[in-house]
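Trainee: Please read through the structure below; I'll follow up with questions.
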Amino acid sequence: SASDVIALSRHDCSINKQSDEMREITSEKLCRLQTHAANIRNICIMAHVDHGKTTLADVLIASNGIISKRISGKLRYLDCRPDEQIRGITMKSSAISLTYKRKESDENSDEYLINLIDSPGHVDFSGEVSTAVRLCDGAIIIVDAVEGVCPQTHMAIRHAWMEGISSTLVINKIDRLITELKLDPLEAYHKINQILEQVNAITGSLFSAKIYQNSTDNNKLKRISNEDNVESQQFSDWNVGLELVDDSNLYFSPTVGNVVFASAYHGWGFTIEDFAHIVSAKLGASVSTLKSTLWGDYYLDTKRKRIVKGAQSKAKKPLFVQCVLENIWSIYDAIILHRDEQRIDKIQQSLGVRVQTRDCKASDTFTHTRAVMSEWLPLSDAVLSMVCKQLPSPLDLCEERVERLLCKRNQQLSNCCEETRQLAEYVRMADANENTPVIAFISKLLSIDRAALPDAIQTKSVVLTPEELEIRREVARQRYLQRMAHRLENQSTGSQRVANGQHEEDGATSAKAKEETGITEIVFVGFGRIFSGQLRKGQKIYVLHSKHSPISDDTAPDFTNTNNKYYDCIDVNHLYLLMGKELIEVDCIPAGNIFGISCGLDEVILNCCTLSSSLACPSLRGLDNISSAPILRVAIEPLQPSDIGSLVHGMRLLSHADPCVQVAVQSTGEHVLITAGEVHLERCLTDLRERFAKIELVPSTPVVPFRETVVAPPSVDNVNELITDVNSYSTTTANTASANTLRTANSVIMQTPNKQCFIRITARPLPEKVTRLLCDNEETLKLLNKRRGIAEKRSQQIVKLISSFDEISGLRATMATEFQNSEYHDPSLPNLVDRIWAYGPRGCGPNILINGISDYDRPSIWEVSSTNSYRDLDNSIVNGFQLATAAGPLCEEPVMGVAFILEDWRIDFPGDDSNEPSENGDRIVLPSVELDTPSGEFLSNNQSGMLNIGRLCYDDESQSECSSIMDSYEKDNLKSEKMVRRVDLGMLSGQLIWTMKECCRRSLLAQPIRLVAPMYTCNVQTTADVLGKLYAVVARRQGRIVNDCMIDGSEMFDISAVLPVAESWGFAEELRKRTSGLAANPQLVFTHWETVDSDPLWIPTTDEELRHFGEKADSENQAARYIDEVRRRKGLPVDDKLVQHAEKQRTLKRNK
């Protein structure tokens, strides 16, 4: 109430206030604080887009005197890019170092160094979030008090959990509950409590999933160690693990002190402890008692003057409402809602805040409210104090995170060598001794203009001798002459050289000239953290790539050896402290700090790497938890063909500067950018035009990948008429079967062109769960291929893969269960999982080749066997299958979710009566030779059906000599026999690969074939006034609404929809226009693939379909439209109607 505000004394409000004086942060002070690892806090700010991350960062920066407090929140200091300022969103992670001194104790209290990283909140830039989280020990999760928990809030909590860092919570924009939603203090309390419960529910689900996984792994180990008690260990209660693990510090709770209630817009915030100090004198209770009772089901009994539990059951106001929220509501009511000058003066005197006259007389209420609230409850003190108390220092790195950093997936630190375990101990202790090996991780590369670097790396003003001045003049004169000659040559012969196809060399020369003359000088600075040791200028250090394996220091080569492709040696040229858009050069960086390094890393790495002074250090685990995978492709080309070299050079620089973008050159010669979304694509194109390439670009329309699959035969046609004979259903295609193809109801039979081999294949759709399982376990399938390859080579490295066998066994058991529960449980194919021949495409895709041949007992793909028990042409079958699944028949897109059953495979030589299999299990034998051939002819297949190899006969008189030669060949010369066999199989292998590929493609066309499109999950929040317009925009783009619910305590609706990626181009702009900006910033995340319902090859056949659709059936077919667009882009033939209305009479008379 207002009386409570008046009763607050000046002394009570002075807790944790920073001085108003502008403090200078010098490099000497920062370097001194870097040596005290116990007082270092490496933190990052994560939240959903527009929840107030950069505004909070501005308030913290203003507390250090770097910017003025009056412009904090408006300046957006860490948004260094112009497009970030225009759009109002963060696109790049930025770091800055701050200092904070706690004033709760004496004047000699320790001073803290806060290395703060501001990360983006937009889903397109989630890769930047991953790079920031890897370098930090703690995180600040921000949640909007009105919008609540949003999709990127889930992702932020998950990022922090996966990386193993501690988190704190800031509930921001509480002022919106007063000014916009007009909630009373009790309603606001329930709203805030609901947000806390939602955040803790996400944390609890991650915790329980981890306990369940650990329990499952322990049970596997027990079963392996005690196989006799398998039945007793088969069922286990994993809930026991939840009861045994301590989760007291897991959840967010105001009583613990890891929650801040704030309004970064108005610059105020507090914790429960802050208000406990404020109201302890008035209530007559101790601070410790208030810290545990200000939040929760407690209320103040005014009669007995005691704090009692049970506010909800007795319909009483909670203590948090009485002592905290009502006081804040009173200030907002006096200044904003019902302005009352007398009440304002009285409140200011009671609080003891000093507000300048210009702030009191300001025309807007924002300035006055910010001046009062930031003086009473400074946000920077609340947040930084919570960070120093709740988040760990580099010295508190847990063993689990150290193992996660140093060990790759499926590896344990206990299995590493002794030197690696010793390095892990250095990392855990953050040992900054000079003799300690250096271990650092570079998460990304920052692209900085050379002009923005500190003066220390610029050319220093020194006195030059006349000889040195003359040398510099001559070098400058030569460069000028080269530039002028190159410019004149381009103007005179540019068009002729472009016509001759020399534009690529000219562009490369131009890009090289720009690098030499300094026209576009971009310097890449590594953004990383040092975990142990000290980095110094001039030091030599190893750059360890992702495939590097630890090498003992005793046998390690010196720094001059650069022949190994898994590491490089570099010199540390410059070290920096990152201060937002500015850099401060230093000479040394001790362990536990975030830093920048310039040493030519862009020449040896792409994005991230490990730096170490010891080759016994393993490569730290890469950034594998990026949530938004690149899916949107655009082909770009320069406006002037002569600038192709500049484009290539610019794309190379872009791939270094952006950790999420992918750059590729397709087989057609197109230069393709693969980005995470539309906003990300716009930023990449802007960087190419303005920074890296500095040329005009012509981007194509988005290139969206598709997949091809088959589905079960439908039971009704397109007019919902029942199809009586399902087996008679066949898809009409434009491709006609050749003479070598026989199509039955369920399978396709083809012969090789030489008639020596024929195969029969049936294509069937895989169960959805199996397809999803194969997509999620792509790395396991790669490991399976690697294990089989090592086993075939009989390498000693197979011992290193034993720890990964459990994953392969688990995948095999899961697939067996899924097949058992599906329609693939066929008695004619027992043990279907063991009959899998191969996975495709690339040996790890979501398609399988099944061995359905009854007389070919092929070894299982799951077995590790080095015995040669395969047919000679087994690899040809696999290669043909890989080619078929890599390019489907509709538009040459990869195939997905299809099982190809090879039902029969026979190799028969004409005239060969032998049925005995060869030593390798096949039925290929050495063919006989016809001796009555014309002189000097080389025949491969004659009229009598006998195969002739080589030039064996010259005339009839030499038949007896040829016969004796062949007899001796068949009896004695085994080596020559194998050579002839090899020549024959080589000719047949290519034909078998082509036949297998075509048979698989035509077996797809024999089934109901469909197109599979990538799908976005769209999340947007808006009011009820524009819901209809939002639904119309989604429906117009072939999307559908999945969920729409009203956010409790507000007028906002949370809409979840599914939208094809191919229809998402311009979706945000159209939505913003249709809803007048009320439904802006939709969050589009690629989540899954979805089959397009329409048949791309359908034409009306029945009478009902002809009456309903007409003979032309010219209604839009979504799948056919997608296929035609892809085929046009790839240069494939498209069945377009050039003349639409040929029957209409045309005249040559012009309309006047």
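So you can find residues: chains in the structure tokens are A, B, ... in the order shown, residues in each start at 1, and ligands are numbered from 1 in order.
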If you count only C-alpha atoms, which residues fall within 9 Å of A:Ile25, apart from same-chain ones fewer than 6 positions away, as number ranges by chain?

Mentor: A: 64-66, 98-99

Trainee: If we count only C-alpha atoms and set the cut-off at 9 Å, which residues sit around stretch 148-158 of chain A, ignoring sequence neighbours fewer than 2 positions away in its own chain? Please answer as a short mmCIF file (atom, residue, chain, number, x, y, z; two decimals) with C-alpha atoms, in the first residue's frame.

Mentor:
```
data_model
loop_
_atom_site.label_atom_id
_atom_site.label_comp_id
_atom_site.auth_asym_id
_atom_site.auth_seq_id
_atom_site.Cartn_x
_atom_site.Cartn_y
_atom_site.Cartn_z
CA MET A 46 19.77 -16.14 -23.47
CA ALA A 47 16.08 -15.61 -24.15
CA HIS A 48 13.36 -15.58 -26.76
CA VAL A 49 13.41 -12.77 -29.29
CA GLY A 121 17.10 -14.76 -29.61
CA HIS A 122 15.89 -15.30 -33.17
CA VAL A 123 15.68 -18.92 -34.20
CA SER A 126 20.68 -20.27 -32.81
CA VAL A 129 23.87 -19.19 -29.12
CA ILE A 141 17.63 -16.92 -18.81
CA ILE A 142 15.22 -14.03 -19.44
CA VAL A 143 11.46 -14.56 -19.65
CA ASP A 144 8.88 -11.94 -20.58
CA ALA A 145 6.31 -11.61 -17.80
CA VAL A 146 3.51 -11.12 -20.35
CA ALA A 160 22.40 -24.59 -21.03
CA TRP A 161 21.47 -28.09 -19.85
CA MET A 162 23.25 -29.87 -22.69
CA GLU A 163 26.42 -27.87 -22.08
CA SER A 167 21.48 -20.96 -14.94
CA ILE A 171 11.50 -12.38 -15.09
CA LYS A 191 1.03 -14.84 -13.32
CA ILE A 192 4.66 -14.76 -12.14
CA GLN A 194 2.85 -19.70 -13.27
CA ILE A 195 5.91 -18.67 -15.28
CA GLN A 198 6.60 -23.62 -16.46
CA VAL A 199 10.34 -22.97 -16.42
CA ILE A 202 11.15 -27.80 -18.51
CA THR A 203 14.15 -28.21 -16.22
CA LEU A 206 15.45 -32.60 -18.80
CA SER A 627 18.96 -26.36 -33.09
CA ASN A 1019 5.02 -20.02 -33.54
CA ILE A 1047 -2.10 -17.02 -22.75
CA GLN A 1083 9.52 -18.12 -35.34
#
```

Trainee: Which residues of stretch 109-145 of chain A come within 10 Å of stretch 529-541 of chain A, and for each one, what is the closest pair of atoms and their distance in Å to one decimal, counting only C-alpha atoms, sorted by chain and residue number, as a tab-separated table?

Mentor:
```
residue	atom	partner	partner_atom	distance
A:Arg134	CA	A:Arg529	CA	8.8
A:Leu135	CA	A:Arg529	CA	5.7
A:Cys136	CA	A:Arg529	CA	8.4
```

Trainee: Work out how far apart atom CA of A:Val648 and atom CA of A:Val698 are and give it in Å to one decimal.

Mentor: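 For atom CA of A:Val648 relative to atom CA of A:Val698, the distance reads 14.0 Å.
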
Trainee: Identify all residues of stretch 537-709 of chain A in alpha helix (DSSP H) (DSSP on the backbone) and supply them as a list in words.

Mentor: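 Residues meeting the alpha helix (DSSP H) criterion: Ile644, Gly645, Ser646, Leu647, Val648, His649, Gly650, Met651, Arg652, Leu653, Leu654, Ser655, His656, Ala657, Glu678, Val679, His680, Leu681, Glu682, Arg683, Cys684, Leu685, Thr686 and Asp687 of chain A.
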
Trainee: Separation of atom CA of A:Asn573 and atom CA of A:Arg41, in Å?

Mentor: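 Atom CA of A:Arg41 lies 26.5 Å from atom CA of A:Asn573.
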
Trainee: Using only C-alpha atoms, determine which residues lie at most 12 Å from A:Leu445, disregarding the query and same-chain residues fewer than 3 positions distant; provide the list as a tab-separated table (two decimals) with N, CA, C and O atoms, in the first residue's frame.

Mentor:
```tsv
chain	number	residue	atom	x	y	z
A	92	LYS	N	24.34	-11.33	-33.96
A	92	LYS	CA	25.68	-11.84	-33.67
A	92	LYS	C	25.92	-11.79	-32.17
A	92	LYS	O	25.51	-10.84	-31.49
A	93	SER	N	26.57	-12.81	-31.66
A	93	SER	CA	26.96	-12.80	-30.25
A	93	SER	C	28.11	-11.82	-30.04
A	93	SER	O	29.07	-11.82	-30.81
A	94	SER	N	27.98	-10.99	-29.01
A	94	SER	CA	29.00	-9.99	-28.69
A	94	SER	C	29.38	-10.14	-27.23
A	94	SER	O	28.53	-10.44	-26.38
A	128	GLU	N	24.71	-19.04	-33.21
A	128	GLU	CA	25.46	-18.08	-32.40
A	128	GLU	C	25.28	-18.37	-30.92
A	128	GLU	O	26.19	-18.14	-30.11
A	131	THR	N	27.70	-21.14	-29.89
A	131	THR	CA	29.08	-20.67	-29.74
A	131	THR	C	29.28	-19.90	-28.45
A	131	THR	O	30.37	-19.92	-27.87
A	441	PHE	N	39.72	-23.21	-26.51
A	441	PHE	CA	38.73	-23.58	-27.53
A	441	PHE	C	38.28	-22.32	-28.25
A	441	PHE	O	37.90	-21.34	-27.62
A	442	ILE	N	38.32	-22.34	-29.58
A	442	ILE	CA	37.85	-21.24	-30.42
A	442	ILE	C	36.48	-21.66	-30.97
A	442	ILE	O	36.38	-22.63	-31.72
A	448	ILE	N	36.43	-8.65	-38.68
A	448	ILE	CA	36.59	-7.27	-38.25
A	448	ILE	C	37.38	-6.53	-39.32
A	448	ILE	O	38.38	-7.05	-39.86
A	522	ILE	N	39.77	-7.67	-44.49
A	522	ILE	CA	39.01	-8.25	-43.39
A	522	ILE	C	39.96	-9.10	-42.56
A	522	ILE	O	40.67	-9.96	-43.08
A	523	VAL	N	40.00	-8.84	-41.28
A	523	VAL	CA	40.83	-9.60	-40.35
A	523	VAL	C	39.93	-10.49	-39.52
A	523	VAL	O	38.90	-10.04	-38.99
A	524	PHE	N	40.29	-11.77	-39.41
A	524	PHE	CA	39.51	-12.72	-38.62
A	524	PHE	C	40.17	-12.88	-37.25
A	524	PHE	O	41.36	-13.20	-37.16
A	525	VAL	N	39.38	-12.66	-36.23
A	525	VAL	CA	39.83	-12.77	-34.84
A	525	VAL	C	39.09	-13.95	-34.21
A	525	VAL	O	37.86	-14.01	-34.25
A	526	GLY	N	39.83	-14.89	-33.67
A	526	GLY	CA	39.22	-16.04	-33.02
A	526	GLY	C	38.57	-15.65	-31.70
A	526	GLY	O	39.14	-14.91	-30.89
A	527	PHE	N	37.36	-16.13	-31.49
A	527	PHE	CA	36.57	-15.85	-30.29
A	527	PHE	C	36.54	-17.12	-29.46
A	527	PHE	O	35.94	-18.12	-29.85
A	528	GLY	N	37.24	-17.13	-28.31
A	528	GLY	CA	37.36	-18.37	-27.56
A	528	GLY	C	37.59	-18.16	-26.09
A	528	GLY	O	37.52	-17.05	-25.56
A	595	PHE	N	38.62	-14.47	-24.61
A	595	PHE	CA	39.61	-13.64	-25.28
A	595	PHE	C	39.38	-13.68	-26.79
A	595	PHE	O	38.57	-14.46	-27.31
A	596	GLY	N	40.13	-12.82	-27.47
A	596	GLY	CA	40.21	-12.83	-28.93
A	596	GLY	C	41.65	-13.04	-29.34
A	596	GLY	O	42.57	-12.56	-28.67
A	597	ILE	N	41.87	-13.74	-30.44
A	597	ILE	CA	43.21	-14.07	-30.90
A	597	ILE	C	43.29	-13.86	-32.40
A	597	ILE	O	42.37	-14.23	-33.14
A	598	SER	N	44.38	-13.25	-32.84
A	598	SER	CA	44.63	-13.03	-34.25
A	598	SER	C	45.94	-13.71	-34.61
A	598	SER	O	47.02	-13.29	-34.17
A	599	CYS	N	45.83	-14.79	-35.39
A	599	CYS	CA	47.02	-15.55	-35.76
A	599	CYS	C	46.84	-16.28	-37.08
A	599	CYS	O	47.44	-17.33	-37.30
A	600	GLY	N	45.97	-15.78	-37.95
A	600	GLY	CA	45.76	-16.44	-39.23
A	600	GLY	C	44.99	-17.73	-39.14
A	600	GLY	O	45.24	-18.67	-39.90
A	601	LEU	N	44.01	-17.80	-38.21
A	601	LEU	CA	43.24	-19.04	-38.06
A	601	LEU	C	42.37	-19.33	-39.27
A	601	LEU	O	42.04	-20.49	-39.53
A	602	ASP	N	41.97	-18.29	-40.01
A	602	ASP	CA	41.11	-18.52	-41.16
A	602	ASP	C	41.80	-19.30	-42.27
A	602	ASP	O	41.13	-19.83	-43.16
A	603	GLU	N	43.13	-19.40	-42.20
A	603	GLU	CA	43.86	-20.16	-43.22
A	603	GLU	C	43.93	-21.65	-42.91
A	603	GLU	O	44.28	-22.44	-43.79
A	604	VAL	N	43.63	-22.04	-41.67
A	604	VAL	CA	43.79	-23.45	-41.29
A	604	VAL	C	42.50	-24.08	-40.78
A	604	VAL	O	42.41	-25.30	-40.70
A	605	ILE	N	41.48	-23.29	-40.42
A	605	ILE	CA	40.22	-23.84	-39.91
A	605	ILE	C	39.06	-23.18	-40.63
A	605	ILE	O	39.23	-22.16	-41.32
A	606	LEU	N	37.87	-23.74	-40.43
A	606	LEU	CA	36.65	-23.16	-40.98
A	606	LEU	C	35.96	-22.29	-39.94
A	606	LEU	O	35.76	-21.10	-40.15
A	607	ASN	N	35.60	-22.85	-38.80
A	607	ASN	CA	34.90	-22.09	-37.77
A	607	ASN	C	35.51	-22.27	-36.39
A	607	ASN	O	35.90	-21.31	-35.74
A	608	CYS	N	35.53	-23.53	-35.90
A	608	CYS	CA	35.96	-23.79	-34.53
A	608	CYS	C	37.15	-24.75	-34.52
A	608	CYS	O	37.35	-25.52	-35.47
A	609	CYS	N	37.91	-24.70	-33.43
A	609	CYS	CA	39.08	-25.56	-33.32
A	609	CYS	C	39.53	-25.57	-31.86
A	609	CYS	O	38.97	-24.88	-31.01
A	653	LEU	N	35.12	-16.05	-47.33
A	653	LEU	CA	35.15	-15.25	-46.11
A	653	LEU	C	33.86	-15.40	-45.31
A	653	LEU	O	33.89	-15.45	-44.07
A	654	LEU	N	32.73	-15.48	-46.00
A	654	LEU	CA	31.45	-15.63	-45.30
A	654	LEU	C	31.38	-16.95	-44.55
A	654	LEU	O	30.85	-17.02	-43.44
A	655	SER	N	31.91	-18.03	-45.14
A	655	SER	CA	31.88	-19.33	-44.47
A	655	SER	C	32.72	-19.31	-43.20
A	655	SER	O	32.42	-20.04	-42.25
A	656	HIS	N	33.76	-18.48	-43.14
A	656	HIS	CA	34.55	-18.35	-41.93
A	656	HIS	C	33.82	-17.52	-40.88
A	656	HIS	O	33.90	-17.81	-39.68
A	657	ALA	N	33.12	-16.48	-41.32
A	657	ALA	CA	32.53	-15.53	-40.38
A	657	ALA	C	31.22	-16.01	-39.78
A	657	ALA	O	30.85	-15.56	-38.69
A	658	ASP	N	30.51	-16.91	-40.44
A	658	ASP	CA	29.20	-17.35	-39.96
A	658	ASP	C	29.26	-18.84	-39.64
A	658	ASP	O	29.51	-19.66	-40.54
A	659	PRO	N	29.03	-19.25	-38.39
A	659	PRO	CA	29.12	-20.68	-38.06
A	659	PRO	C	27.96	-21.52	-38.54
A	659	PRO	O	28.04	-22.74	-38.52
A	660	CYS	N	26.87	-20.87	-38.97
A	660	CYS	CA	25.67	-21.63	-39.33
A	660	CYS	C	25.47	-21.74	-40.84
A	660	CYS	O	24.74	-22.60	-41.29
```

Trainee: Would you please work out which residue, of A:Val170, A:Leu294, A:Ile344, A:Ala371, is nearest to A:Gly269 when using only C-alpha atoms?

Mentor: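 Closest residue, counting only C-alpha atoms: A:Val170.
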
Trainee: Suppose you want the space between atom CA of A:Gln1118 and atom CA of A:Glu637; what is it in Å?

Mentor: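 Atom-to-atom, atom CA of A:Gln1118 and atom CA of A:Glu637 are spaced 28.9 Å apart.
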
Trainee: Compare A:Asp587, A:Glu998, A:Asp333, A:Asp1054 by their minimum atom-to-atom distance to A:Val1020, counting only C-alpha atoms, and give me the closest one.

Mentor: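 Counting only C-alpha atoms, the residue closest to A:Val1020 is A:Asp1054.
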
Trainee: Env of A:Trp295: 12 Å cut, atoms = only C-alpha atoms, seq-sep filter 2 positions within chain, self excluded. Answer as a ChimeraX atom specification.

Mentor: /A:189-190,192-193,196,253-257,259,261,271-273,275-276,289-293,297-299,307,309,311,317-325
